[in-house]
Amino acid sequence: MKHMDLLTERLTRAVAQRSSRRGFLGSLGALMVGAASLPLLPVARGAQPPAEKDHASTQDPASCEYWRHCAIDGYLCSCCGGSQSTCPPGTEQSPVTWVGTCHNPADNRDYVISYNDCCGKSTCGRCLCNRNEGDSPLYVPFQSNDYDWCAGSHSDIPYNCSTARIVAPAR
Amino acid sequence: MKHMDLLTERLTRAVAQRSSRRGFLGSLGALMVGAASLPLLPVARGAQPPAEKDHASTQDPASCEYWRHCAIDGYLCSCCGGSQSTCPPGTEQSPVTWVGTCHNPADNRDYVISYNDCCGKSTCGRCLCNRNEGDSPLYVPFQSNDYDWCAGSHSDIPYNCSTARIVAPAR
Amino acid sequence: MRLKLAAAAAALLLPAVTAATRAVAATPPLLPADPAGTSVVLASPPSPHWVWVNDVVFNHMPDGQAILVDGDSGRMLGMLNTGNMFARVVLSADRKLIFSPETYFSRGTRGTRTDVVTIYDAAKLAPLSEIVIPPKRAAIMPMMAANDLTDDGRFLLIYNFTPSQSVSVVDMQQRRFAGEIETSGCALVYPTGPRSFFSICADGAFLEEQLTDSGTLAHSQRTAKLFDAVHDPLTEKPVRVGDTWYFVSFSGQIQPVTRTGQGLRADPPWSLLQPVDAAQHWRPGGLQQLAAHAASNRLYAIMHQGDLATHKEPGPQVWVYDLATHKRIQRIMLKNPAGSIQVSRDAQPLLFATFIGSTTLDIYDGLDGRHLRSVTELGTTPTVMVTP
Amino acid sequence: MRLKLAAAAAALLLPAVTAATRAVAATPPLLPADPAGTSVVLASPPSPHWVWVNDVVFNHMPDGQAILVDGDSGRMLGMLNTGNMFARVVLSADRKLIFSPETYFSRGTRGTRTDVVTIYDAAKLAPLSEIVIPPKRAAIMPMMAANDLTDDGRFLLIYNFTPSQSVSVVDMQQRRFAGEIETSGCALVYPTGPRSFFSICADGAFLEEQLTDSGTLAHSQRTAKLFDAVHDPLTEKPVRVGDTWYFVSFSGQIQPVTRTGQGLRADPPWSLLQPVDAAQHWRPGGLQQLAAHAASNRLYAIMHQGDLATHKEPGPQVWVYDLATHKRIQRIMLKNPAGSIQVSRDAQPLLFATFIGSTTLDIYDGLDGRHLRSVTELGTTPTVMVTP
C-alpha cells in the first residue's frame with residue numbers, strides 16, 4: 001500500500017527536477033523501492049515524497065535529502081569518512097563524472113552539482129541514497145547510472161562512495 | 001525473554017551429549033543466540049531446545065536437527081550442493097577433521113561422526129547450523145571450533161560448508 | 001573421547017565396523033561408513049530446469065558469485081566464485097563448459113588488475129583453464145548483454161568501458177584472446193549469427209559487426225536511426241527468439257529488430273499496454289525485465305505501476321504475450337516483487353523470478369503461471385539469471 | 001542539460017561564478033565552488049577516542065575490512081580493505097602507521113596464496129608498502145592474540161596454523177620477515193616486553209619466547225602447568241595491564257599471569273562472581289569478552305546467564321571490577337547485547353560494544369557507563385576492536 005501511495009504521489013506531482021545523475025548503484029536503489037524486506041541494504045531515503053522531507057535535512061550532508069543530492073546515486077561520502085565534496089581517506093575522487101542541477105532552499109538558488117565517485121576501496125555500505133530521474137540506458141553512457149564511473153580513475157573500478165560538489169551556479 | 005527461557009531450559013536439562021565438534025563458524029553461531037536481529041545470517045536452529053525437534057527432522061540431512069549434526073558447526077553441505085557426506089561440486093573435502101559421537105534415534109545406536117569441511121570456494125551461506133558443546137580455546141586445536149580446518153586442505157583456507165560422515169559405530 | 005582422523009585413516013576402522021556388525025546381528029543392520037574425500041559431480045549436459053543465479057554481491061564486490069539451482073527440487077546445486085564486478089556466466093554451445101569473464105586485483109581491491117575468462121567444467125564446477133584478456137571489462141550493473149557467445153559458440157564477446165567503448169573477442173575454440181573491436185558511441189553485445197553481432201548506439205542506431213574466422217573485424221556498418229533514444233528509449237535488456245531481438249521501451253513499446261541478409265531491420269513496434277493499462281500507469285521495469293520462450297513463442301515482461309523514472313523498479317506481476325498475435329495471454333500475480341525473470345528452454349518451461357534486494361528465488365510453472373516453490377537464503381544481491 | 005566534466009575543467013568555470021556573484025550582490029552571497037580531487041587526511045596521531053572495528057565479513061570473506069570510527073561524534077572516519085580471513089589491525093608504537101597481516105589469492109578464492117603485512121599511513125589510510133610473509137597465517141575466529149607487536153614496536157608477531165603451529169616474526173623497523181618460531185602445542189601471541197612474548201599451551205602451561213635483536217629466537221622456556229585446560233579452561237582472550245595479562249576461565253575465574261625477572265608467574269586467581277551471581281548462572285562470554293583501563297585499573301567483562309557451553313555468547317551486561325581490590329564496582333546494562341568490548345586508553349575513557357551478529361556499535365561513557373551514542377550500518381560481521 002505504501003508503495004502504491006508513493007507511486008501515486010509521484011505520478012500526480014510535477015517532475016520538478018530533470019537533472020542528470022550518475023552512480024553505478026543507482027538501479028539498486030531504484031529497485032529497492034517497493035521491496036518488502038531488504039536484509040542487506042538500507043532503504044534509499046530519496047524514495048520519500050518531498051512532503052516528508054523537512055528543511056533541516058536539506059542542509060545536512062549526511063542526509064539523503066540534502067539539497068545537493070537531488071541527482072545522486074550511491075553511498076554518501078559524508079557517512080563514509082568524507083564529506084559532500086571530499087573523498088574518505090585513502091580513496092581517489094574520479095576525474096570523469098556527471099552533473100546535475102539542484103535547488104538550494106537556503107538561498108533559493110540553483111547550482112550545478114558534480115557527483116564524483118570516490119574510488120579504490122570496496123563499498124562503504126552506509127547511507128545508500130538514490131534520487132534519480134532522467135536515467136538513460138547504458139548506450140548513452142553519460143546519462144546512465146548503470147556504469148561504475150570509477151572506471152575512469154587511476155584507482156580503477158573499486159567503488160567506495162559518492163560526493164556532491166558545487167561546480168557553479170546554474171544559469 | 002525467549003533468550004532467557006532458552007537459557008533456563010538449557011540449564012535445567014542434562015547435557016546429554018558431550019561430543020566434540022569442529023568448524024570455524026562455530027562461535028558465530030554461538031554468538032547469534034540471543035541476538036535481537038540478525039540481518040545477514042540465518043538463525044542457528046541448533047539453538048532450539050530438543051522439545052521443538054521432531055523426529056522427522058532428525059532424519060533430514062538438510063535440517064540442523066539431523067541426528068548426525070549433534071556436534072556440527074557451519075553451513076550444511078546438504079543445502080549447498082553436497083550431502084551429509086559429500087562436498088558440493090568443485091570443493092575439496094578437508095583431510096584433517098574432528099569427530100563427534102551422535103545418537104541415531106532411528107536405530108537407537110551411537111555413531112562416530114566426522115565433520116569434514118568442504119574447501120576451495122567462499123562460504124555457501126545457507127543453513128548455518130551450530131550444535132556445539134565441549135568447545136575448547138584455540139590452544140587445544142583439535143577441540144576448538146575457532147579454527148578454519150580447511151587450513152589442512154590442498155585448497156587452502158577458503159571454507160564453503162561442512163559434512164557429517166559416519167566413520168564407525170561408537171563403542 | 002576425541003580422535004584426530006586423517007581421511008586415509010578411516011579405512012583402518014573398517015575391521016571394527018565389521019566386528020560391531022556381527023555383535024548386533026539381531027538388531028537392524030548398522031549404517032555403513034561413508035567414504036571420505038568425495039565431491040558431487042553434476043549431470044552433463046545440465047537439466048533444462050537448472051538456473052544460474054548470478055550475484056554481483058554489491059556490498060562486497062570482490063566476492064562475486066554464480067549459484068546453480070535445480071528448479072524442479074528447489075535445491076542449490078553448487079556455486080562459482082567469480083571475482084570483482086561480476087556480470088554473468090555464459091554457457092558453451094554444448095553446455096559442458098561455463099565461460100566466465102572475471103576481474104581480479106592482486107590485493108583484493110588494489111594492486112595489479114587481471115581480467116580473465118575462466119573456463120569451468122560444468123559437471124565439476126571446477127576451473128579448467130583461463131584466458132587472460134585486456135583489463136577493460138565494463139564495470140556495470142550486471143546485464144545479459146555484458147557478454148555473450150556467437151551463435152556457433154566459437155567467439156565470446158565482452159563489452160569494455162574504460163570509459164572508451166569496445167568489445168573484446170575471445171576465441172573459445174583456440175582458447176586465446178582474438179582481438180578488440182572499437183565501438184565508440186555504441187554499447188553491449190547482441191549476437192545474431194556465428195560471426196555476427198550488433199551493439200546499440202546513443203543516437204538511436206545499431207552498429208552491426210561481422211567477424212572473420214579468426215575473430216577479427218571483417219566489416220561493420222551502422223544502421224540508420226531506428227529508435228528514439230531521447231523521448232522513449234529502448235532498454236538495453238532485450239530477449240531473442242530466432243533471428244529477432246525484442247527490445248522494450250520505457251513506456252512499454254516492443255521494438256523487434258531482425259537480422260536479415262541485408263542487415264538489421266526494425267519491425268513495426270507494438271505495445272505491451274492496452275489503453276486501460278496505460279491509464280493505470282502500468283509499465284515494464286526491472287533489471288532482467290523480459291524473458292522469452294521460443295517453443296511457445298511467448299514473451300514475459302515484469303510489470304508495475306509507476307512513472308517514467310521507474311524503468312528499473314521491480315514489479316508485482318508478469319504479463320505474458322503471444323509473439324505472433326502481440327496479444328496478452330496471461331497475467332501472473334507474483335508471490336514476491338520481481339526485478340529479474342528467466343524462462344527455461346524446454347517444452348514444459350519453468351519461470352524463475354528474483355530481485356536484487358532479496359535473497360529468494362521464486363519458481364513458477366512457465367505455462368500456467370502457478371507458483372511451484374521458493375528457494376531462500378540464495379545469494380546476497382541476485383542479478384540476472386541464465387538457463388541452459 | 002548534461003555536461004561531461006573532467007575535474008580539471010572545473011577551474012574553467014570560475015569566471016562564470018565570479019560574474020554570477022556580481023549579478024546577485026543584493027542577495028546572499030553565492031556558495032563557492034568546491035575543489036575537485038580532494039580526499040580527507042586524518043589527524044596524526046589519532047584521537048584516543050577513535051576505534052578500529054575489524055570485520056572478517058563472514059559471508060564474503062575475500063572482502064575483509066577494518067572500519068575507523070570517532071567515538072566522540074559517532075562518525076565513520078574511513079576504512080581499509082584487508083583481504084581473506086582478516087583478524088585485526090595492529091597500530092604502530094607512535095600510532096602513525098597501521099600494520100595489517102593480510103591474505104590474498106591471485107583469483108579471489110583460488111590460485112596463488114600470498115600473505116603480506118601491509119603498512120598503511122594512519123593519516124591517509126593508504127598503503128605505504130608491504131612485507132611478504134610465509135603463507136601460513138592462522139585462519140581463525142578473529143581475536144586480538146592472532147597478531148601483536150613487541151613492546152617497543154619493533155617486531156610484529158603473527159600466529160600461524162597450517163595445522164602446524166608457529167609464529168612469524170616480522171621486523172617492522174627494517175621492514176622484512178625476520179623468521180619463524182615453532183610453537184608446537186602452543187598458540188597465539190601475548191607480548192611481555194620489547195623482545196619477549198608467550199604463547200598458551202594445550203597442557204595448561206605457557207611457552208615463553210625471548211627474541212634476539214634480529215628477531216630470531218634467543219631462547220624459549222616452558223612453564224610448569226599453571227592452569228586446568230580441561231575442567232575450567234582459560235579463554236585465549238585476556239587483556240593486559242602493565243606486566244600482567246588477565247585471563248578469565250569459562251566459569252569466571254580471573255587468572256593473572258605476570259612477567260617477572262624470573263619468568264612468568266601465575267598470581268592467585270579470583271572470581272568475577274559472588275555466590276549469588278553463580279547461583280543465577282552468570283558467566284563471562286563473547287568474542288572480545290574483556291577490556292581493561294590501565295589508568296583507573298579497571299577490568300570490564302561481558303556477562304550473561306548460561307551454562308558451560310555458552311562461553312562465546314554475547315551478554316546483556318558489562319561488569320566492571322577494580323583490579324586492586326577485585327571488587328565489582330559497576331554493572332552496566334547494555335543497550336544491545338555485546339560480544340565484543342573495548343575501552344579507550346585516555347583518562348576519560350569510552351567503552352565500545354558491538355556484536356558479530358549485528359552492525360551496530362554502541363558507545364558508552366567508560367567511567368559511569370552511560371550510553372552516549374550508537375553507530376548503525378557499521379560493517380557486516382564486526383569482530384574485535386582496537387583503540388589507539
# chains A, B, ... in the order shown; residues from 1 in each chain; ligands from 1

call {"tool": "interface_residues", "arguments": {"of": "chain D", "to": "chain C", "cutoff": "12 Å", "atoms": "only C-alpha atoms", "output": "MDAnalysis selection string"}}
result
chainID D and resid 55:65 80:84 102:118 126:127 129:130 377:380

call {"tool": "residues_around", "arguments": {"residues": "Met303 (chain D)", "least_positions_apart": "2", "cutoff": "6 Å", "atoms": "only C-alpha atoms", "output": "VMD selection string"}}
result
chain D and resid 283 to 284 315 317 to 318

call {"tool": "closest_atom_pairs", "arguments": {"of": "chain C", "to": "chain A", "cutoff": "7 Å", "atoms": "only C-alpha atoms", "output": "Markdown table"}}
result
| residue | atom | partner | partner_atom | distance |
| --- | --- | --- | --- | --- |
| C:Asn59 | CA | A:Thr123 | CA | 5.9 |
| C:His60 | CA | A:Ser122 | CA | 6.7 |
| C:Met61 | CA | A:Ser122 | CA | 6.9 |
| C:Thr109 | CA | A:Lys121 | CA | 5.9 |
| C:Arg110 | CA | A:Gly120 | CA | 6.7 |
| C:Ala139 | CA | A:Asp148 | CA | 5.5 |
| C:Ile140 | CA | A:Tyr147 | CA | 4.5 |
| C:Met141 | CA | A:Asp146 | CA | 5.0 |
| C:Thr162 | CA | A:Ala151 | CA | 5.5 |
| C:Pro163 | CA | A:Gly152 | CA | 5.9 |
| C:Cys186 | CA | A:Tyr139 | CA | 5.8 |
| C:Ala187 | CA | A:Tyr139 | CA | 5.0 |
| C:Ile200 | CA | A:Tyr139 | CA | 6.1 |
| C:Cys201 | CA | A:Tyr139 | CA | 5.4 |
| C:Ala202 | CA | A:Val140 | CA | 4.8 |
| C:Thr235 | CA | A:Pro137 | CA | 5.8 |
| C:Glu236 | CA | A:Pro137 | CA | 6.1 |
| C:Gly306 | CA | A:Leu7 | CA | 5.6 |
| C:Asp307 | CA | A:Leu11 | CA | 5.8 |
| C:Ala309 | CA | A:Glu133 | CA | 5.3 |
| C:Lys312 | CA | A:Leu31 | CA | 5.9 |
| C:Glu313 | CA | A:Leu31 | CA | 4.4 |
| C:Pro314 | CA | A:Leu31 | CA | 5.7 |
| C:Pro337 | CA | A:Ala35 | CA | 6.9 |
| C:Gly357 | CA | A:Leu38 | CA | 5.6 |
| C:Ser358 | CA | A:Leu38 | CA | 6.1 |

call {"tool": "atom_distance", "arguments": {"atom1": "CA of Ala266 (chain D)", "atom2": "CA of Gln289 (chain D)"}}
result
20.7 Å

call {"tool": "select_by_dssp", "arguments": {"residues": "region 155-304 of chain C", "states": "strand (DSSP E or B)", "output": "ChimeraX atom specification"}}
result
/C:155-161,165-171,176-182,186-193,196-201,206-211,217-222,234,239-241,244-249,253-260,263-266,270-271,282-284,288,290-293,298-304

call {"tool": "residues_around", "arguments": {"residues": "region 237-243 of chain C", "least_positions_apart": "4", "cutoff": "7 Å", "atoms": "only C-alpha atoms", "output": "PyMOL selection string"}}
result
chain C and resi 192+247-248+258-259+288+290-292+294

call {"tool": "write_last_selection", "arguments": {"atoms": "all heavy atoms", "output": "PDB file, in the first residue's frame"}}
result
ATOM      1  N   THR C 192      23.981 -12.264 -33.484  1.00  0.00           N
ATOM      2  CA  THR C 192      22.938 -12.505 -34.497  1.00  0.00           C
ATOM      3  C   THR C 192      23.277 -13.695 -35.384  1.00  0.00           C
ATOM      4  O   THR C 192      22.478 -14.050 -36.246  1.00  0.00           O
ATOM      5  CB  THR C 192      22.751 -11.268 -35.403  1.00  0.00           C
ATOM      6  OG1 THR C 192      24.029 -10.935 -35.978  1.00  0.00           O
ATOM      7  CG2 THR C 192      22.215 -10.087 -34.636  1.00  0.00           C
ATOM      8  N   PHE C 247      13.297  -5.697 -28.188  1.00  0.00           N
ATOM      9  CA  PHE C 247      13.576  -4.613 -27.233  1.00  0.00           C
ATOM     10  C   PHE C 247      12.254  -4.071 -26.715  1.00  0.00           C
ATOM     11  O   PHE C 247      11.225  -4.138 -27.389  1.00  0.00           O
ATOM     12  CB  PHE C 247      14.342  -3.478 -27.922  1.00  0.00           C
ATOM     13  CG  PHE C 247      15.772  -3.806 -28.254  1.00  0.00           C
ATOM     14  CD1 PHE C 247      16.109  -4.499 -29.411  1.00  0.00           C
ATOM     15  CD2 PHE C 247      16.804  -3.420 -27.404  1.00  0.00           C
ATOM     16  CE1 PHE C 247      17.441  -4.802 -29.731  1.00  0.00           C
ATOM     17  CE2 PHE C 247      18.142  -3.703 -27.706  1.00  0.00           C
ATOM     18  CZ  PHE C 247      18.455  -4.398 -28.868  1.00  0.00           C
ATOM     19  N   VAL C 248      12.315  -3.489 -25.510  1.00  0.00           N
ATOM     20  CA  VAL C 248      11.132  -2.810 -24.979  1.00  0.00           C
ATOM     21  C   VAL C 248      11.535  -1.395 -24.581  1.00  0.00           C
ATOM     22  O   VAL C 248      12.650  -1.161 -24.120  1.00  0.00           O
ATOM     23  CB  VAL C 248      10.525  -3.572 -23.776  1.00  0.00           C
ATOM     24  CG1 VAL C 248      11.471  -3.602 -22.579  1.00  0.00           C
ATOM     25  CG2 VAL C 248       9.173  -2.982 -23.361  1.00  0.00           C
ATOM     26  N   THR C 258      15.304  -7.453 -36.400  1.00  0.00           N
ATOM     27  CA  THR C 258      15.533  -8.752 -37.030  1.00  0.00           C
ATOM     28  C   THR C 258      16.761  -8.712 -37.928  1.00  0.00           C
ATOM     29  O   THR C 258      16.975  -7.748 -38.670  1.00  0.00           O
ATOM     30  CB  THR C 258      14.297  -9.160 -37.851  1.00  0.00           C
ATOM     31  OG1 THR C 258      13.179  -9.255 -36.965  1.00  0.00           O
ATOM     32  CG2 THR C 258      14.516 -10.512 -38.540  1.00  0.00           C
ATOM     33  N   ARG C 259      17.560  -9.761 -37.841  1.00  0.00           N
ATOM     34  CA  ARG C 259      18.700  -9.899 -38.725  1.00  0.00           C
ATOM     35  C   ARG C 259      18.227 -10.471 -40.057  1.00  0.00           C
ATOM     36  O   ARG C 259      17.540 -11.501 -40.101  1.00  0.00           O
ATOM     37  CB  ARG C 259      19.721 -10.837 -38.100  1.00  0.00           C
ATOM     38  CG  ARG C 259      20.964 -10.994 -38.940  1.00  0.00           C
ATOM     39  CD  ARG C 259      21.533 -12.385 -38.778  1.00  0.00           C
ATOM     40  NE  ARG C 259      22.765 -12.491 -39.547  1.00  0.00           N
ATOM     41  CZ  ARG C 259      23.312 -13.632 -39.876  1.00  0.00           C
ATOM     42  NH1 ARG C 259      22.761 -14.774 -39.499  1.00  0.00           N
ATOM     43  NH2 ARG C 259      24.412 -13.650 -40.574  1.00  0.00           N
ATOM     44  N   GLN C 288      16.342  -7.572 -15.188  1.00  0.00           N
ATOM     45  CA  GLN C 288      16.223  -8.537 -16.283  1.00  0.00           C
ATOM     46  C   GLN C 288      14.714  -8.634 -16.510  1.00  0.00           C
ATOM     47  O   GLN C 288      14.046  -9.515 -16.010  1.00  0.00           O
ATOM     48  CB  GLN C 288      16.812  -9.897 -15.880  1.00  0.00           C
ATOM     49  CG  GLN C 288      16.854 -10.908 -16.996  1.00  0.00           C
ATOM     50  CD  GLN C 288      17.552 -12.200 -16.575  1.00  0.00           C
ATOM     51  OE1 GLN C 288      17.548 -12.557 -15.391  1.00  0.00           O
ATOM     52  NE2 GLN C 288      18.133 -12.915 -17.519  1.00  0.00           N
ATOM     53  N   LEU C 290      12.640  -8.796 -19.204  1.00  0.00           N
ATOM     54  CA  LEU C 290      11.943  -9.608 -20.199  1.00  0.00           C
ATOM     55  C   LEU C 290      12.474 -11.031 -20.183  1.00  0.00           C
ATOM     56  O   LEU C 290      13.631 -11.269 -19.836  1.00  0.00           O
ATOM     57  CB  LEU C 290      12.160  -9.043 -21.611  1.00  0.00           C
ATOM     58  CG  LEU C 290      11.665  -7.633 -21.912  1.00  0.00           C
ATOM     59  CD1 LEU C 290      12.036  -7.276 -23.362  1.00  0.00           C
ATOM     60  CD2 LEU C 290      10.159  -7.514 -21.706  1.00  0.00           C
ATOM     61  N   ALA C 291      11.633 -11.969 -20.588  1.00  0.00           N
ATOM     62  CA  ALA C 291      12.065 -13.338 -20.845  1.00  0.00           C
ATOM     63  C   ALA C 291      11.277 -13.823 -22.054  1.00  0.00           C
ATOM     64  O   ALA C 291      10.212 -13.286 -22.376  1.00  0.00           O
ATOM     65  CB  ALA C 291      11.813 -14.231 -19.633  1.00  0.00           C
ATOM     66  N   ALA C 292      11.825 -14.826 -22.741  1.00  0.00           N
ATOM     67  CA  ALA C 292      11.125 -15.358 -23.910  1.00  0.00           C
ATOM     68  C   ALA C 292      11.179 -16.872 -23.895  1.00  0.00           C
ATOM     69  O   ALA C 292      12.167 -17.460 -23.415  1.00  0.00           O
ATOM     70  CB  ALA C 292      11.752 -14.829 -25.204  1.00  0.00           C
ATOM     71  N   ALA C 294      10.914 -19.666 -26.695  1.00  0.00           N
ATOM     72  CA  ALA C 294      10.858 -19.794 -28.152  1.00  0.00           C
ATOM     73  C   ALA C 294       9.844 -20.853 -28.592  1.00  0.00           C
ATOM     74  O   ALA C 294       9.086 -20.641 -29.554  1.00  0.00           O
ATOM     75  CB  ALA C 294      12.254 -20.129 -28.696  1.00  0.00           C
TER      76      ALA C 294
END

call {"tool": "residues_around", "arguments": {"residues": "Asn104 (chain B)", "least_positions_apart": "6", "cutoff": "12 Å", "atoms": "only C-alpha atoms", "output": "compact mmCIF listing (two decimals) with C-alpha atoms, in the first residue's frame"}}
result
# COMPACT_ATOMS: atom_id res chain seq x y z
CA HIS B 55 11.57 -36.97 14.73
CA ALA B 56 11.31 -36.29 11.00
CA SER B 57 13.87 -33.52 11.17
CA THR B 58 16.36 -35.88 12.82
CA GLN B 59 16.32 -37.87 9.57
CA ASP B 60 16.57 -34.88 7.18
CA GLU B 65 18.34 -31.24 13.78
CA TYR B 66 19.56 -34.14 11.61
CA TRP B 67 20.92 -36.75 14.03
CA ARG B 68 24.44 -36.65 12.61
CA HIS B 69 24.71 -32.93 13.26
CA CYS B 70 24.96 -33.26 17.04
CA ASP B 110 25.59 -44.20 18.62
CA TYR B 111 27.96 -43.50 15.76
CA VAL B 112 31.29 -41.75 15.43
CA ILE B 113 30.74 -38.83 13.06
CA ILE B 166 29.65 -41.78 9.53
CA PRO B 169 29.63 -47.22 15.32
CA ALA B 170 30.70 -45.90 18.71
CA LEU C 30 24.49 -50.92 11.22
CA LEU C 31 24.71 -47.92 8.97

call {"tool": "atom_distance", "arguments": {"atom1": "CA of Thr97 (chain B)", "atom2": "CA of Ser162 (chain B)"}}
result
10.4 Å
